[in-house]
>>> print(open('entry_14.pdb').read())   # PDB, N, CA and C atoms
MODEL        1
ATOM      1  N   MET Y  13       0.840  -1.177   0.000
ATOM      2  CA  MET Y  13       0.000   0.000   0.000
ATOM      3  C   MET Y  13       0.889   1.246   0.000
ATOM      4  N   LYS Y  14       0.464   2.254  -0.714
ATOM      5  CA  LYS Y  14       1.233   3.492  -0.776
ATOM      6  C   LYS Y  14       1.194   4.223   0.554
ATOM      7  N   LYS Y  15       2.288   4.917   0.859
ATOM      8  CA  LYS Y  15       2.333   5.712   2.077
ATOM      9  C   LYS Y  15       1.571   7.016   1.902
ATOM     10  N   GLU Y  16       1.511   7.520   0.673
ATOM     11  CA  GLU Y  16       0.801   8.760   0.403
ATOM     12  C   GLU Y  16      -0.092   8.574  -0.814
ATOM     13  N   PHE Y  17      -1.268   9.198  -0.754
ATOM     14  CA  PHE Y  17      -2.202   9.128  -1.870
ATOM     15  C   PHE Y  17      -2.482  10.543  -2.357
ATOM     16  N   ASP Y  18      -2.762  10.685  -3.643
ATOM     17  CA  ASP Y  18      -3.066  11.985  -4.234
ATOM     18  C   ASP Y  18      -4.587  12.152  -4.299
ATOM     19  N   PHE Y  19      -5.139  13.012  -3.468
ATOM     20  CA  PHE Y  19      -6.575  13.260  -3.441
ATOM     21  C   PHE Y  19      -6.931  14.579  -4.126
ATOM     22  N   SER Y  20      -6.021  15.149  -4.872
ATOM     23  CA  SER Y  20      -6.254  16.458  -5.483
ATOM     24  C   SER Y  20      -7.398  16.438  -6.486
ATOM     25  N   LYS Y  21      -7.677  15.290  -7.122
ATOM     26  CA  LYS Y  21      -8.755  15.200  -8.108
ATOM     27  C   LYS Y  21      -9.976  14.466  -7.563
ATOM     28  N   ALA Y  22      -9.978  14.185  -6.276
ATOM     29  CA  ALA Y  22     -11.091  13.448  -5.659
ATOM     30  C   ALA Y  22     -12.319  14.342  -5.560
ATOM     31  N   LYS Y  23     -13.479  13.730  -5.657
ATOM     32  CA  LYS Y  23     -14.747  14.448  -5.520
ATOM     33  C   LYS Y  23     -15.491  13.872  -4.324
ATOM     34  N   ARG Y  24     -16.162  14.749  -3.630
ATOM     35  CA  ARG Y  24     -16.943  14.324  -2.474
ATOM     36  C   ARG Y  24     -18.207  13.609  -2.956
ATOM     37  N   SER Y  25     -18.538  12.519  -2.319
ATOM     38  CA  SER Y  25     -19.711  11.721  -2.657
ATOM     39  C   SER Y  25     -20.997  12.485  -2.334
ATOM     40  N   GLU Y  26     -22.058  12.200  -3.041
ATOM     41  CA  GLU Y  26     -23.373  12.797  -2.776
ATOM     42  C   GLU Y  26     -23.913  12.332  -1.427
ATOM     43  N   TYR Y  27     -23.441  11.184  -0.963
ATOM     44  CA  TYR Y  27     -23.895  10.633   0.308
ATOM     45  C   TYR Y  27     -23.663  11.616   1.454
ATOM     46  N   TRP Y  28     -22.577  12.329   1.455
ATOM     47  CA  TRP Y  28     -22.239  13.219   2.552
ATOM     48  C   TRP Y  28     -23.200  14.387   2.687
ATOM     49  N   LYS Y  29     -23.876  14.733   1.601
ATOM     50  CA  LYS Y  29     -24.864  15.806   1.673
ATOM     51  C   LYS Y  29     -26.087  15.379   2.484
ATOM     52  N   ARG Y  30     -26.327  14.074   2.536
ATOM     53  CA  ARG Y  30     -27.497  13.559   3.253
ATOM     54  C   ARG Y  30     -27.183  13.173   4.696
ATOM     55  N   MET Y  31     -25.951  13.300   5.108
ATOM     56  CA  MET Y  31     -25.565  12.943   6.477
ATOM     57  C   MET Y  31     -26.209  13.904   7.471
ATOM     58  N   PRO Y  32     -26.677  13.385   8.598
ATOM     59  CA  PRO Y  32     -27.241  14.280   9.620
ATOM     60  C   PRO Y  32     -26.130  15.062  10.299
ATOM     61  N   PRO Y  33     -26.475  16.173  10.926
ATOM     62  CA  PRO Y  33     -25.460  16.922  11.680
ATOM     63  C   PRO Y  33     -24.872  16.044  12.785
ATOM     64  N   LEU Y  34     -23.658  16.302  13.182
ATOM     65  CA  LEU Y  34     -22.985  15.484  14.190
ATOM     66  C   LEU Y  34     -23.768  15.385  15.495
ATOM     67  N   GLU Y  35     -24.424  16.469  15.903
ATOM     68  CA  GLU Y  35     -25.172  16.436  17.163
ATOM     69  C   GLU Y  35     -26.410  15.534  17.082
ATOM     70  N   GLU Y  36     -26.862  15.181  15.879
ATOM     71  CA  GLU Y  36     -28.007  14.293  15.706
ATOM     72  C   GLU Y  36     -27.596  12.892  15.253
ATOM     73  N   LEU Y  37     -26.315  12.612  15.238
ATOM     74  CA  LEU Y  37     -25.834  11.338  14.727
ATOM     75  C   LEU Y  37     -26.379  10.143  15.522
ATOM     76  N   ASP Y  38     -26.449  10.240  16.852
ATOM     77  CA  ASP Y  38     -26.992   9.145  17.665
ATOM     78  C   ASP Y  38     -28.439   8.840  17.303
ATOM     79  N   ARG Y  39     -29.187   9.865  16.987
ATOM     80  CA  ARG Y  39     -30.608   9.690  16.639
ATOM     81  C   ARG Y  39     -30.759   8.887  15.348
ATOM     82  N   HIS Y  40     -29.763   8.904  14.486
ATOM     83  CA  HIS Y  40     -29.844   8.237  13.187
ATOM     84  C   HIS Y  40     -28.988   6.975  13.106
ATOM     85  N   THR Y  41     -28.428   6.554  14.239
ATOM     86  CA  THR Y  41     -27.578   5.373  14.246
ATOM     87  C   THR Y  41     -28.334   4.210  14.875
ATOM     88  N   LYS Y  42     -28.447   3.114  14.149
ATOM     89  CA  LYS Y  42     -29.126   1.929  14.673
ATOM     90  C   LYS Y  42     -28.094   0.946  15.202
ATOM     91  N   ILE Y  43     -28.440   0.296  16.298
ATOM     92  CA  ILE Y  43     -27.568  -0.674  16.946
ATOM     93  C   ILE Y  43     -28.316  -2.002  17.024
ATOM     94  N   ARG Y  44     -27.641  -3.079  16.691
ATOM     95  CA  ARG Y  44     -28.248  -4.407  16.789
ATOM     96  C   ARG Y  44     -28.186  -4.868  18.241
ATOM     97  N   ILE Y  45     -29.371  -5.233  18.789
ATOM     98  CA  ILE Y  45     -29.444  -5.745  20.149
ATOM     99  C   ILE Y  45     -30.363  -6.962  20.178
ATOM    100  N   THR Y  46     -30.364  -7.636  21.298
ATOM    101  CA  THR Y  46     -31.346  -8.689  21.545
ATOM    102  C   THR Y  46     -32.280  -8.153  22.609
ATOM    103  N   ILE Y  47     -33.590  -8.236  22.348
ATOM    104  CA  ILE Y  47     -34.578  -7.699  23.276
ATOM    105  C   ILE Y  47     -35.681  -8.733  23.448
ATOM    106  N   MET Y  48     -36.174  -8.854  24.652
ATOM    107  CA  MET Y  48     -37.265  -9.777  24.940
ATOM    108  C   MET Y  48     -38.572  -8.979  24.961
ATOM    109  N   LEU Y  49     -39.499  -9.342  24.090
ATOM    110  CA  LEU Y  49     -40.806  -8.701  24.032
ATOM    111  C   LEU Y  49     -41.876  -9.744  24.306
ATOM    112  N   TYR Y  50     -42.999  -9.308  24.809
ATOM    113  CA  TYR Y  50     -44.118 -10.223  24.976
ATOM    114  C   TYR Y  50     -44.644 -10.611  23.602
ATOM    115  N   GLN Y  51     -45.112 -11.849  23.501
ATOM    116  CA  GLN Y  51     -45.568 -12.393  22.220
ATOM    117  C   GLN Y  51     -46.682 -11.552  21.606
ATOM    118  N   ASP Y  52     -47.635 -11.105  22.425
ATOM    119  CA  ASP Y  52     -48.757 -10.337  21.889
ATOM    120  C   ASP Y  52     -48.307  -9.001  21.305
ATOM    121  N   ILE Y  53     -47.291  -8.396  21.891
ATOM    122  CA  ILE Y  53     -46.769  -7.132  21.360
ATOM    123  C   ILE Y  53     -46.101  -7.370  20.014
ATOM    124  N   LEU Y  54     -45.289  -8.398  19.941
ATOM    125  CA  LEU Y  54     -44.617  -8.728  18.681
ATOM    126  C   LEU Y  54     -45.643  -9.083  17.603
ATOM    127  N   ASP Y  55     -46.646  -9.876  17.949
ATOM    128  CA  ASP Y  55     -47.702 -10.252  16.994
ATOM    129  C   ASP Y  55     -48.429  -9.015  16.472
ATOM    130  N   PHE Y  56     -48.702  -8.071  17.368
ATOM    131  CA  PHE Y  56     -49.394  -6.851  16.980
ATOM    132  C   PHE Y  56     -48.616  -6.097  15.903
ATOM    133  N   PHE Y  57     -47.322  -5.868  16.161
ATOM    134  CA  PHE Y  57     -46.517  -5.103  15.211
ATOM    135  C   PHE Y  57     -46.267  -5.879  13.916
ATOM    136  N   LYS Y  58     -46.098  -7.194  14.019
ATOM    137  CA  LYS Y  58     -45.900  -7.990  12.810
ATOM    138  C   LYS Y  58     -47.157  -8.004  11.946
ATOM    139  N   ALA Y  59     -48.339  -8.041  12.575
ATOM    140  CA  ALA Y  59     -49.596  -7.998  11.826
ATOM    141  C   ALA Y  59     -49.740  -6.655  11.108
ATOM    142  N   ARG Y  60     -49.384  -5.579  11.781
ATOM    143  CA  ARG Y  60     -49.434  -4.265  11.129
ATOM    144  C   ARG Y  60     -48.453  -4.187   9.974
ATOM    145  N   ALA Y  61     -47.277  -4.794  10.153
ATOM    146  CA  ALA Y  61     -46.244  -4.747   9.113
ATOM    147  C   ALA Y  61     -46.615  -5.604   7.915
ATOM    148  N   ALA Y  62     -47.496  -6.579   8.105
ATOM    149  CA  ALA Y  62     -47.893  -7.469   7.006
ATOM    150  C   ALA Y  62     -48.802  -6.770   5.997
ATOM    151  N   LYS Y  63     -49.383  -5.656   6.385
ATOM    152  CA  LYS Y  63     -50.267  -4.913   5.470
ATOM    153  C   LYS Y  63     -49.422  -4.227   4.410
ATOM    154  N   PRO Y  64     -49.920  -4.175   3.180
ATOM    155  CA  PRO Y  64     -49.152  -3.555   2.093
ATOM    156  C   PRO Y  64     -48.868  -2.070   2.361
ATOM    157  N   GLY Y  65     -47.662  -1.667   2.026
ATOM    158  CA  GLY Y  65     -47.291  -0.254   2.120
ATOM    159  C   GLY Y  65     -46.969   0.230   3.519
ATOM    160  N   THR Y  66     -46.781  -0.694   4.472
ATOM    161  CA  THR Y  66     -46.456  -0.260   5.828
ATOM    162  C   THR Y  66     -44.986  -0.515   6.136
ATOM    163  N   GLU Y  67     -44.514   0.140   7.181
ATOM    164  CA  GLU Y  67     -43.125  -0.004   7.596
ATOM    165  C   GLU Y  67     -42.890  -1.398   8.183
ATOM    166  N   PRO Y  68     -41.660  -1.871   8.163
ATOM    167  CA  PRO Y  68     -41.340  -3.129   8.844
ATOM    168  C   PRO Y  68     -41.642  -3.016  10.339
ATOM    169  N   TYR Y  69     -41.910  -4.150  10.984
ATOM    170  CA  TYR Y  69     -42.328  -4.118  12.382
ATOM    171  C   TYR Y  69     -41.270  -3.505  13.300
ATOM    172  N   GLN Y  70     -39.997  -3.720  13.023
ATOM    173  CA  GLN Y  70     -38.959  -3.158  13.877
ATOM    174  C   GLN Y  70     -38.946  -1.631  13.780
ATOM    175  N   THR Y  71     -39.179  -1.119  12.589
ATOM    176  CA  THR Y  71     -39.243   0.330  12.397
ATOM    177  C   THR Y  71     -40.444   0.906  13.140
ATOM    178  N   GLN Y  72     -41.564   0.190  13.119
ATOM    179  CA  GLN Y  72     -42.748   0.654  13.836
ATOM    180  C   GLN Y  72     -42.496   0.699  15.343
ATOM    181  N   ILE Y  73     -41.871  -0.348  15.869
ATOM    182  CA  ILE Y  73     -41.554  -0.377  17.298
ATOM    183  C   ILE Y  73     -40.621   0.783  17.638
ATOM    184  N   ASN Y  74     -39.628   1.005  16.811
ATOM    185  CA  ASN Y  74     -38.685   2.103  17.022
ATOM    186  C   ASN Y  74     -39.407   3.451  17.019
ATOM    187  N   ARG Y  75     -40.344   3.633  16.085
ATOM    188  CA  ARG Y  75     -41.087   4.891  15.984
ATOM    189  C   ARG Y  75     -41.943   5.118  17.231
ATOM    190  N   VAL Y  76     -42.616   4.055  17.702
ATOM    191  CA  VAL Y  76     -43.453   4.177  18.894
ATOM    192  C   VAL Y  76     -42.603   4.549  20.106
ATOM    193  N   LEU Y  77     -41.440   3.929  20.234
ATOM    194  CA  LEU Y  77     -40.538   4.269  21.339
ATOM    195  C   LEU Y  77     -40.060   5.716  21.228
ATOM    196  N   ARG Y  78     -39.746   6.157  20.019
ATOM    197  CA  ARG Y  78     -39.321   7.549  19.810
ATOM    198  C   ARG Y  78     -40.436   8.516  20.211
ATOM    199  N   GLU Y  79     -41.688   8.207  19.831
ATOM    200  CA  GLU Y  79     -42.818   9.064  20.194
ATOM    201  C   GLU Y  79     -42.971   9.140  21.713
ATOM    202  N   TYR Y  80     -42.760   8.011  22.382
ATOM    203  CA  TYR Y  80     -42.844   7.988  23.837
ATOM    204  C   TYR Y  80     -41.764   8.894  24.445
ATOM    205  N   ILE Y  81     -40.541   8.771  23.941
ATOM    206  CA  ILE Y  81     -39.433   9.581  24.457
ATOM    207  C   ILE Y  81     -39.721  11.065  24.250
ATOM    208  N   GLU Y  82     -40.178  11.420  23.056
ATOM    209  CA  GLU Y  82     -40.481  12.821  22.764
ATOM    210  C   GLU Y  82     -41.592  13.329  23.671
ATOM    211  N   GLY Y  83     -42.590  12.491  23.943
ATOM    212  CA  GLY Y  83     -43.677  12.864  24.853
ATOM    213  C   GLY Y  83     -43.176  13.085  26.266
ATOM    214  N   GLN Y  84     -42.215  12.265  26.695
ATOM    215  CA  GLN Y  84     -41.642  12.404  28.022
ATOM    216  C   GLN Y  84     -40.823  13.676  28.131
ATOM    217  N   LYS Y  85     -40.108  14.016  27.068
ATOM    218  CA  LYS Y  85     -39.311  15.245  27.087
ATOM    219  C   LYS Y  85     -40.221  16.452  27.245
ATOM    220  N   GLY Y  86     -41.359  16.431  26.569
ATOM    221  CA  GLY Y  86     -42.311  17.527  26.695
ATOM    222  C   GLY Y  86     -42.942  17.567  28.079
ATOM    223  N   ALA Y  87     -43.167  16.389  28.667
ATOM    224  CA  ALA Y  87     -43.807  16.317  29.975
ATOM    225  C   ALA Y  87     -42.861  16.727  31.093
ATOM    226  N   GLU Y  88     -41.538  16.585  30.887
ATOM    227  CA  GLU Y  88     -40.576  16.944  31.927
ATOM    228  C   GLU Y  88     -40.619  18.428  32.236
ATOM    229  N   GLY Y  89     -40.841  19.231  31.223
ATOM    230  CA  GLY Y  89     -40.886  20.676  31.432
ATOM    231  C   GLY Y  89     -42.189  21.125  32.070
ATOM    232  N   LYS Y  90     -43.214  20.284  32.009
ATOM    233  CA  LYS Y  90     -44.518  20.628  32.558
ATOM    234  C   LYS Y  90     -44.641  20.056  33.962
ATOM    235  N   LYS Y  91     -45.139  20.834  34.853
ATOM    236  CA  LYS Y  91     -45.416  20.355  36.197
ATOM    237  C   LYS Y  91     -46.913  20.079  36.279
ATOM    238  N   GLY Y  92     -47.326  19.483  37.320
ATOM    239  CA  GLY Y  92     -48.673  18.979  37.535
ATOM    240  C   GLY Y  92     -49.864  19.713  36.952
ATOM    241  N   PRO Y  93     -49.939  21.043  36.898
ATOM    242  CA  PRO Y  93     -51.170  21.712  36.472
ATOM    243  C   PRO Y  93     -51.733  21.274  35.127
ATOM    244  N   GLU Y  94     -50.923  20.703  34.231
ATOM    245  CA  GLU Y  94     -51.452  20.257  32.952
ATOM    246  C   GLU Y  94     -52.172  18.916  33.081
ATOM    247  N   ASP Y  95     -51.998  18.237  34.192
ATOM    248  CA  ASP Y  95     -52.593  16.934  34.424
ATOM    249  C   ASP Y  95     -54.011  17.130  34.974
ATOM    250  N   GLU Y  96     -55.001  16.541  34.295
ATOM    251  CA  GLU Y  96     -56.403  16.700  34.694
ATOM    252  C   GLU Y  96     -56.650  16.192  36.116
ATOM    253  N   ARG Y  97     -56.051  15.054  36.468
ATOM    254  CA  ARG Y  97     -56.250  14.513  37.808
ATOM    255  C   ARG Y  97     -55.676  15.443  38.860
ATOM    256  N   PHE Y  98     -54.536  16.034  38.556
ATOM    257  CA  PHE Y  98     -53.922  16.980  39.491
ATOM    258  C   PHE Y  98     -54.832  18.182  39.698
ATOM    259  N   ILE Y  99     -55.361  18.726  38.630
ATOM    260  CA  ILE Y  99     -56.233  19.896  38.718
ATOM    261  C   ILE Y  99     -57.491  19.564  39.517
ATOM    262  N   SER Y 100     -58.065  18.392  39.238
ATOM    263  CA  SER Y 100     -59.275  17.975  39.949
ATOM    264  C   SER Y 100     -59.012  17.830  41.445
ATOM    265  N   ARG Y 101     -57.928  17.157  41.794
ATOM    266  CA  ARG Y 101     -57.591  16.954  43.206
ATOM    267  C   ARG Y 101     -57.266  18.282  43.882
ATOM    268  N   LEU Y 102     -56.578  19.161  43.179
ATOM    269  CA  LEU Y 102     -56.263  20.474  43.730
ATOM    270  C   LEU Y 102     -57.545  21.259  44.010
ATOM    271  N   ALA Y 103     -58.499  21.197  43.100
ATOM    272  CA  ALA Y 103     -59.780  21.885  43.295
ATOM    273  C   ALA Y 103     -60.507  21.332  44.523
ATOM    274  N   GLU Y 104     -60.462  20.023  44.711
ATOM    275  CA  GLU Y 104     -61.087  19.412  45.891
ATOM    276  C   GLU Y 104     -60.424  19.907  47.170
ATOM    277  N   ARG Y 105     -59.095  19.953  47.166
ATOM    278  CA  ARG Y 105     -58.356  20.393  48.357
ATOM    279  C   ARG Y 105     -58.650  21.863  48.669
ATOM    280  N   VAL Y 106     -58.729  22.687  47.633
ATOM    281  CA  VAL Y 106     -59.042  24.109  47.852
ATOM    282  C   VAL Y 106     -60.444  24.236  48.432
ATOM    283  N   ALA Y 107     -61.399  23.470  47.899
ATOM    284  CA  ALA Y 107     -62.775  23.510  48.418
ATOM    285  C   ALA Y 107     -62.808  23.068  49.877
ATOM    286  N   GLU Y 108     -62.080  22.010  50.226
ATOM    287  CA  GLU Y 108     -62.028  21.548  51.621
ATOM    288  C   GLU Y 108     -61.439  22.638  52.515
ATOM    289  N   TYR Y 109     -60.392  23.279  52.033
ATOM    290  CA  TYR Y 109     -59.747  24.341  52.798
ATOM    291  C   TYR Y 109     -60.717  25.499  53.049
ATOM    292  N   VAL Y 110     -61.448  25.896  52.032
ATOM    293  CA  VAL Y 110     -62.384  27.010  52.160
ATOM    294  C   VAL Y 110     -63.477  26.661  53.158
ATOM    295  N   VAL Y 111     -63.999  25.438  53.068
ATOM    296  CA  VAL Y 111     -65.059  25.017  53.991
ATOM    297  C   VAL Y 111     -64.536  25.021  55.425
ATOM    298  N   LYS Y 112     -63.330  24.497  55.668
ATOM    299  CA  LYS Y 112     -62.747  24.482  57.015
ATOM    300  C   LYS Y 112     -62.503  25.895  57.525
ATOM    301  N   LYS Y 113     -62.045  26.777  56.637
ATOM    302  CA  LYS Y 113     -61.760  28.149  57.034
ATOM    303  C   LYS Y 113     -63.050  28.867  57.436
ATOM    304  N   GLN Y 114     -64.116  28.637  56.668
ATOM    305  CA  GLN Y 114     -65.406  29.245  56.996
ATOM    306  C   GLN Y 114     -65.942  28.697  58.307
ATOM    307  N   ALA Y 115     -65.747  27.392  58.522
ATOM    308  CA  ALA Y 115     -66.213  26.781  59.770
ATOM    309  C   ALA Y 115     -65.455  27.350  60.965
ATOM    310  N   ARG Y 116     -64.167  27.600  60.816
ATOM    311  CA  ARG Y 116     -63.358  28.168  61.900
ATOM    312  C   ARG Y 116     -63.827  29.578  62.227
ATOM    313  N   ARG Y 117     -64.162  30.338  61.199
ATOM    314  CA  ARG Y 117     -64.625  31.719  61.429
ATOM    315  C   ARG Y 117     -65.935  31.724  62.222
ATOM    316  N   LYS Y 118     -66.818  30.812  61.855
ATOM    317  CA  LYS Y 118     -68.118  30.745  62.539
ATOM    318  C   LYS Y 118     -67.963  30.189  63.946
ATOM    319  N   GLY Y 119     -66.982  29.329  64.139
ATOM    320  CA  GLY Y 119     -66.798  28.678  65.438
ATOM    321  C   GLY Y 119     -65.840  29.401  66.345
ATOM    322  N   GLY Y 120     -65.415  30.563  66.014
ATOM    323  CA  GLY Y 120     -64.538  31.343  66.892
ATOM    324  C   GLY Y 120     -63.072  30.971  66.784
ATOM    325  N   GLY Y 121     -62.662  30.426  65.663
ATOM    326  CA  GLY Y 121     -61.253  30.158  65.460
ATOM    327  C   GLY Y 121     -60.807  28.802  65.964
ATOM    328  N   ARG Y 122     -61.718  27.963  66.415
ATOM    329  CA  ARG Y 122     -61.331  26.632  66.887
ATOM    330  C   ARG Y 122     -61.278  25.636  65.744
ATOM    331  N   GLY Y 123     -60.735  24.461  65.958
ATOM    332  CA  GLY Y 123     -60.727  23.406  64.982
ATOM    333  C   GLY Y 123     -59.464  23.339  64.162
ATOM    334  N   ARG Y 124     -58.444  23.991  64.633
ATOM    335  CA  ARG Y 124     -57.197  23.972  63.888
ATOM    336  C   ARG Y 124     -56.447  22.718  64.083
TER     337      ARG Y 124
ENDMDL
END
>>> encode(input="entry_14.pdb", output="structure tokens")
Amino acid sequence: MKKEFDFSKAKRSEYWKRMPPLEELDRHTKIRITIMLYQDILDFFKARAAKPGTEPYQTQINRVLREYIEGQKGAEGKKGPEDERFISRLAERVAEYVVKKQARRKGGGRGR
């Protein structure tokens, strides 16, 4: 093998134009792993993949996991008030507090 090569006439491949930015490289890199899934989950995705014009089942599973991650990232910035159960429970607690406060006023400040 030569110690030096002449790249003066080399042309960059079109492939490099489609490369993702370095900071997004992990998002576009697939790794082969072994994963244990429940049979019904695998059957579900394989049945969907068997339909014409759909993505392979592994791609579908990957997409669903990505959607979950993106949803979690959005939820991390949000604190409880966006959660309906939180709002409902908070309203109940405020109502209980108001009722107790009114009862204390009528009862001369007792019941604390």
>>> residues_around(input="entry_14.pdb", residues="range 73-87 of chain Y", least_positions_apart="4", cutoff="12 Å", atoms="only C-alpha atoms", output="VMD selection string")
chain Y and resid 39 to 43 47 49 53 to 58 60 to 61 67 to 69 91 to 95
>>> atom_distance(input="entry_14.pdb", atom1="atom C of Leu102 in chain Y", atom2="atom C of Arg116 in chain Y")
21.0 Å
>>> atom_distance(input="entry_14.pdb", atom1="CA of Lys29 in chain Y", atom2="CA of Gln72 in chain Y")
26.4 Å
>>> axis_aligned_box(input="entry_14.pdb", around="range 59-69 of chain Y", padding_each_side="3 Å", output="AutoDock Vina command-line options")
--center_x -45.8 --center_y -3.9 --center_z 7.7 --size_x 15.0 --size_y 14.3 --size_z 17.3
>>> atom_distance(input="entry_14.pdb", atom1="CA of Gln51 in chain Y", atom2="CA of Thr66 in chain Y")
20.4 Å
>>> select_by_dssp(input="entry_14.pdb", residues="chain Y", states="helix (DSSP H, G or I)", output="MDAnalysis selection string")
chainID Y and resid 26:30 34:36 38:40 51:62 69:89 92:94 96:118
